[in-house]
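Before any comments, here is the structure.
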Amino acid sequence: MCTASWRFDEGGYELFFNRDESLRRGRARAPEVVDLGGVRGLAPTDADAGGTWLGVNEHGLALALLNAWDLRVDPREPRSRGLLVRDLLASAHVAEALARLAREDLAHHRGFTLLALDAQAGANVRHWDGRELVAQPAERPLASSSLDGGRAKSERRALFERLTLGAAEPARVALELFHTSHEPERGPWSPCMHRAEAATVSVSHVRVTPREIALRYADGPPCANPFGDWLTLPRR
């Protein structure tokens with residue numbers, strides 16, 4: 001349950017990410033400056049496992065993870081996928097992060113889709129189905145759902161196309177409208193998702209320029225919670 005979209009501009013990019021979760025999970029800690037093995041970054045922290053679903057580091061590398069809920073593979077001695085994201089955020093660029101991912105023993109991780117971005121390599125997607133790690137097209141938006149992943153993807157992709165008018169690089173305002181939208185109706189298929197037992201619990205907005213990295217965060221569904229202030233670090 002998550003939705004990601006992005007845009008590139010001269011020398012940088014922006015990434016929006018809706019985190020959809022069970023309402024039984026603990027409230028995440030808001031983004032802060034984190035030490036990633038000698039590399040500084042910005043990331044929120046999951047309250048239950050201590051990892052993160054999204055982060056950006058001072059090299060300009062951003063990672064975002066979507067759970068593959070339709071893949072019911074339960075590994076022995078499972079490890080949080082959020083800890084994997086934190087590990088990979090110590091990388092200097094997309095190529096290094098993906099090479100490290102390929103060397104990981106992923107048998108301890110449940111299924112996921114990982115989005116990796118930087119200004120040079122663009123957007124790259126890897127999918128782990130519990131057995132095999134494969135590259136997938138970086139098609140906007142990325143979406144997942146524990147209820148019906150296929151329908152969530154098709155509904156959100158149709159809305160994204162309407163709002164962005166098929167632009168090669170969508171306007172920022174179109175992405176913001178998309179991530180706060182209740183189309184086709186307020187419920188399980190809208191990007192701002194609402195169900196009895198789960199909902200969009202936060203929205204993150206990453207901005208990377210040649211000079212700095214920045215992250216702002218809405219703690220709660222974007223239909224009712226505005227973004228907070230920008231948290232920034234200089235580019236390394």
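Quick note on naming: the chains in the structure tokens go A, B, ... in the order shown, residues restart at 1 in each chain, and ligands are numbered from 1 in order of appearance.
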task: Write out as a PyMOL selection string the residues lying within 12 Å of Gly82 of chain A, counting only C-alpha atoms and excluding same-chain residues fewer than 5 positions away.
output: chain A and resi 43-55+63-67+87-89+109-110+112-114
Show me a table, sorted first by chain and then by increasing residue number, of the residues of segment 172-219 of chain A having an atom at most 9 Å from segment 16-28 of chain A, each with its shortest atom pair and the distance in Å to one decimal, counting only C-alpha atoms and written as JSON lines.
{"residue": "A:Leu175", "atom": "CA", "partner": "A:Phe16", "partner_atom": "CA", "distance": 7.3}
{"residue": "A:Glu176", "atom": "CA", "partner": "A:Phe16", "partner_atom": "CA", "distance": 7.7}
{"residue": "A:His179", "atom": "CA", "partner": "A:Asn18", "partner_atom": "CA", "distance": 6.8}
{"residue": "A:Thr180", "atom": "CA", "partner": "A:Asn18", "partner_atom": "CA", "distance": 8.9}
{"residue": "A:Pro191", "atom": "CA", "partner": "A:Asn18", "partner_atom": "CA", "distance": 7.4}
{"residue": "A:Cys192", "atom": "CA", "partner": "A:Asn18", "partner_atom": "CA", "distance": 7.4}
{"residue": "A:Met193", "atom": "CA", "partner": "A:Asp20", "partner_atom": "CA", "distance": 7.0}
{"residue": "A:His194", "atom": "CA", "partner": "A:Asp20", "partner_atom": "CA", "distance": 8.8}
{"residue": "A:Ala196", "atom": "CA", "partner": "A:Leu23", "partner_atom": "CA", "distance": 8.5}
{"residue": "A:Glu197", "atom": "CA", "partner": "A:Leu23", "partner_atom": "CA", "distance": 5.7}
{"residue": "A:Ala198", "atom": "CA", "partner": "A:Ser22", "partner_atom": "CA", "distance": 4.2}
{"residue": "A:Ala199", "atom": "CA", "partner": "A:Asp20", "partner_atom": "CA", "distance": 5.3}
{"residue": "A:Thr200", "atom": "CA", "partner": "A:Asp20", "partner_atom": "CA", "distance": 4.0}
{"residue": "A:Val201", "atom": "CA", "partner": "A:Asp20", "partner_atom": "CA", "distance": 5.7}
{"residue": "A:Ser202", "atom": "CA", "partner": "A:Arg19", "partner_atom": "CA", "distance": 5.4}
{"residue": "A:Val203", "atom": "CA", "partner": "A:Asn18", "partner_atom": "CA", "distance": 4.5}
{"residue": "A:Ser204", "atom": "CA", "partner": "A:Phe17", "partner_atom": "CA", "distance": 5.1}
{"residue": "A:His205", "atom": "CA", "partner": "A:Phe16", "partner_atom": "CA", "distance": 4.6}
{"residue": "A:Val206", "atom": "CA", "partner": "A:Phe16", "partner_atom": "CA", "distance": 6.5}
{"residue": "A:Asp219", "atom": "CA", "partner": "A:Ala28", "partner_atom": "CA", "distance": 8.5}
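Proximity of A:Leu83, A:Cys223, A:Ala174, A:Val56 to Val34 of chain A, computed with only C-alpha atoms, is greatest for A:Val56.
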- prompt: atom CA of Asp129 of chain A and atom CA of Pro221 of chain A, how far apart in Å?
  reply: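 Rounded to one decimal, the two atoms are 28.6 Å apart.
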field: Top pick for closest residue to Ala135 of chain A, considering A:Leu231, A:Leu115, A:Leu84, A:Ala121 and counting only C-alpha atoms
entry: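 Using only C-alpha atoms, Ala135 of chain A sits closest to A:Leu115.
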message: Between A:Ala214, A:Ala138, A:Leu163, A:Ala30, which residue has the minimum interatomic distance to Trp230 of chain A, considering only C-alpha atoms?
response: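 Of the candidates, the smallest distance to Trp230 of chain A is held by A:Ala214.
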Picked from segment 72-152 of chain A by DSSP as alpha helix (DSSP H), as a PDB file with C-alpha atoms, in the first residue's frame:
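Written out: part23.pdb:
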ATOM      1  CA  ARG A  81      12.505  -4.243   4.442  1.00  0.00           C
ATOM      2  CA  GLY A  82      12.920  -0.796   5.961  1.00  0.00           C
ATOM      3  CA  LEU A  83      16.309  -1.779   7.369  1.00  0.00           C
ATOM      4  CA  LEU A  84      17.370  -2.753   3.863  1.00  0.00           C
ATOM      5  CA  VAL A  85      16.468   0.728   2.628  1.00  0.00           C
ATOM      6  CA  ARG A  86      18.600   2.322   5.349  1.00  0.00           C
ATOM      7  CA  ASP A  87      21.525   0.078   4.410  1.00  0.00           C
ATOM      8  CA  LEU A  88      21.303   0.972   0.721  1.00  0.00           C
ATOM      9  CA  VAL A  94      21.944   4.574  -8.040  1.00  0.00           C
ATOM     10  CA  ALA A  95      24.416   2.180  -9.642  1.00  0.00           C
ATOM     11  CA  GLU A  96      26.108   1.467  -6.307  1.00  0.00           C
ATOM     12  CA  ALA A  97      22.773   1.031  -4.506  1.00  0.00           C
ATOM     13  CA  LEU A  98      21.510  -1.451  -7.105  1.00  0.00           C
ATOM     14  CA  ALA A  99      24.809  -3.358  -7.103  1.00  0.00           C
ATOM     15  CA  ARG A 100      24.604  -3.667  -3.316  1.00  0.00           C
ATOM     16  CA  LEU A 101      20.989  -4.774  -3.580  1.00  0.00           C
ATOM     17  CA  ALA A 102      21.968  -7.491  -6.053  1.00  0.00           C
ATOM     18  CA  ARG A 103      24.521  -8.826  -3.558  1.00  0.00           C
ATOM     19  CA  GLY A 149      -2.834  -4.270  -6.327  1.00  0.00           C
ATOM     20  CA  GLY A 150      -3.934  -4.506  -9.947  1.00  0.00           C
ATOM     21  CA  ARG A 151      -6.965  -2.270  -9.551  1.00  0.00           C
ATOM     22  CA  ALA A 152      -5.089   0.262  -7.423  1.00  0.00           C
TER      23      ALA A 152
END
- request: Would you mind telling me which residue in A:Gly122, A:Pro137, A:Pro222, A:Pro210 lies nearest to Leu177 of chain A when using only C-alpha atoms?
  value: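 Closest candidate: A:Pro222.
Straight-line separation from atom CA of Ala123 of chain A to atom CA of Glu104 of chain A: 20.6 Å.
Residue nearest Arg126 of chain A, chosen from A:Phe160, A:Glu14, A:Arg235, A:Ala68 and counting only C-alpha atoms: A:Ala68.
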Atom CA of Lys153 of chain A to atom CA of Arg207 of chain A, straight-line distance in Å: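 Going from atom CA of Arg207 of chain A over to atom CA of Lys153 of chain A, I get 24.4 Å.
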task: Using only C-alpha atoms, find the one residue out of A:Asp105, A:Glu155, A:Glu10, A:Glu32 that sits nearest to Pro188 of chain A.
output: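 Counting only C-alpha atoms, the residue closest to Pro188 of chain A is A:Glu155.
Residues of segment 52-108 of chain A that DSSP, applied to the backbone, places in strand (DSSP E): Leu54, Gly55, Val56, Asn57, Ala62, Leu63, Ala64, Leu65, Leu66 and Asn67 of chain A.
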Residues within 9 Å of His59 of chain A, only C-alpha atoms, excluding chain neighbours under 5 positions, as a compact mmCIF listing (two decimals) with N, CA and C atoms, in the first residue's frame:
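The new file out.txt reads:
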# COMPACT_ATOMS: atom_id res chain seq x y z
N VAL A 39 27.61 8.57 5.72
CA VAL A 39 26.87 9.38 4.75
C VAL A 39 25.67 9.98 5.48
N ARG A 40 25.47 11.28 5.32
CA ARG A 40 24.31 11.91 5.94
C ARG A 40 23.11 11.85 5.01
N GLY A 41 21.94 11.77 5.60
CA GLY A 41 20.74 11.73 4.81
C GLY A 41 19.56 12.25 5.59
N SER A 91 24.84 4.39 -0.09
CA SER A 91 25.48 4.37 -1.41
C SER A 91 25.65 5.78 -1.96
N ALA A 92 26.60 5.93 -2.89
CA ALA A 92 26.90 7.24 -3.47
C ALA A 92 26.01 7.57 -4.66
N HIS A 93 25.42 6.56 -5.29
CA HIS A 93 24.60 6.79 -6.48
C HIS A 93 23.74 5.56 -6.75
N ASP A 118 18.50 9.15 -8.98
CA ASP A 118 19.44 10.25 -8.86
C ASP A 118 19.40 11.02 -10.18
N ILE A 213 19.84 18.86 -0.80
CA ILE A 213 18.75 17.90 -0.74
C ILE A 213 17.74 18.42 0.28
N ARG A 235 24.40 19.43 -0.69
CA ARG A 235 24.90 18.31 -1.47
C ARG A 235 26.38 18.10 -1.19
N ARG A 236 26.78 16.87 -1.18
CA ARG A 236 28.18 16.53 -0.92
C ARG A 236 28.96 16.59 -2.22
- prompt: Which neighbours of Arg7 of chain A fall inside 8 Å, counting only C-alpha atoms, when residues of the same chain fewer than 4 positions from it are skipped, and could you give them as a PyMOL selection string?
  reply: chain A and resi 13-15+169-172
Any chance you can output those residues with N, CA, C and O atoms as a tab-separated table (two decimals), in the first residue's frame?
chain	number	residue	atom	x	y	z
A	13	TYR	N	15.65	16.63	-9.29
A	13	TYR	CA	14.36	15.94	-9.41
A	13	TYR	C	13.55	16.17	-8.14
A	13	TYR	O	14.04	16.66	-7.12
A	14	GLU	N	12.28	15.77	-8.22
A	14	GLU	CA	11.38	15.76	-7.08
A	14	GLU	C	10.67	14.41	-7.02
A	14	GLU	O	10.38	13.82	-8.06
A	15	LEU	N	10.41	13.95	-5.81
A	15	LEU	CA	9.74	12.68	-5.58
A	15	LEU	C	8.64	12.88	-4.54
A	15	LEU	O	8.88	13.48	-3.49
A	169	GLU	N	7.68	15.30	-18.44
A	169	GLU	CA	8.04	15.65	-17.06
A	169	GLU	C	6.90	16.48	-16.48
A	169	GLU	O	6.76	17.66	-16.80
A	170	PRO	N	6.08	15.88	-15.65
A	170	PRO	CA	4.89	16.58	-15.13
A	170	PRO	C	5.26	17.79	-14.29
A	170	PRO	O	6.34	17.88	-13.71
A	171	ALA	N	4.34	18.74	-14.22
A	171	ALA	CA	4.51	19.90	-13.36
A	171	ALA	C	4.37	19.47	-11.90
A	171	ALA	O	3.66	18.52	-11.57
A	172	ARG	N	5.04	20.20	-11.02
A	172	ARG	CA	4.96	19.89	-9.59
A	172	ARG	C	3.52	19.93	-9.09
A	172	ARG	O	3.09	19.09	-8.31
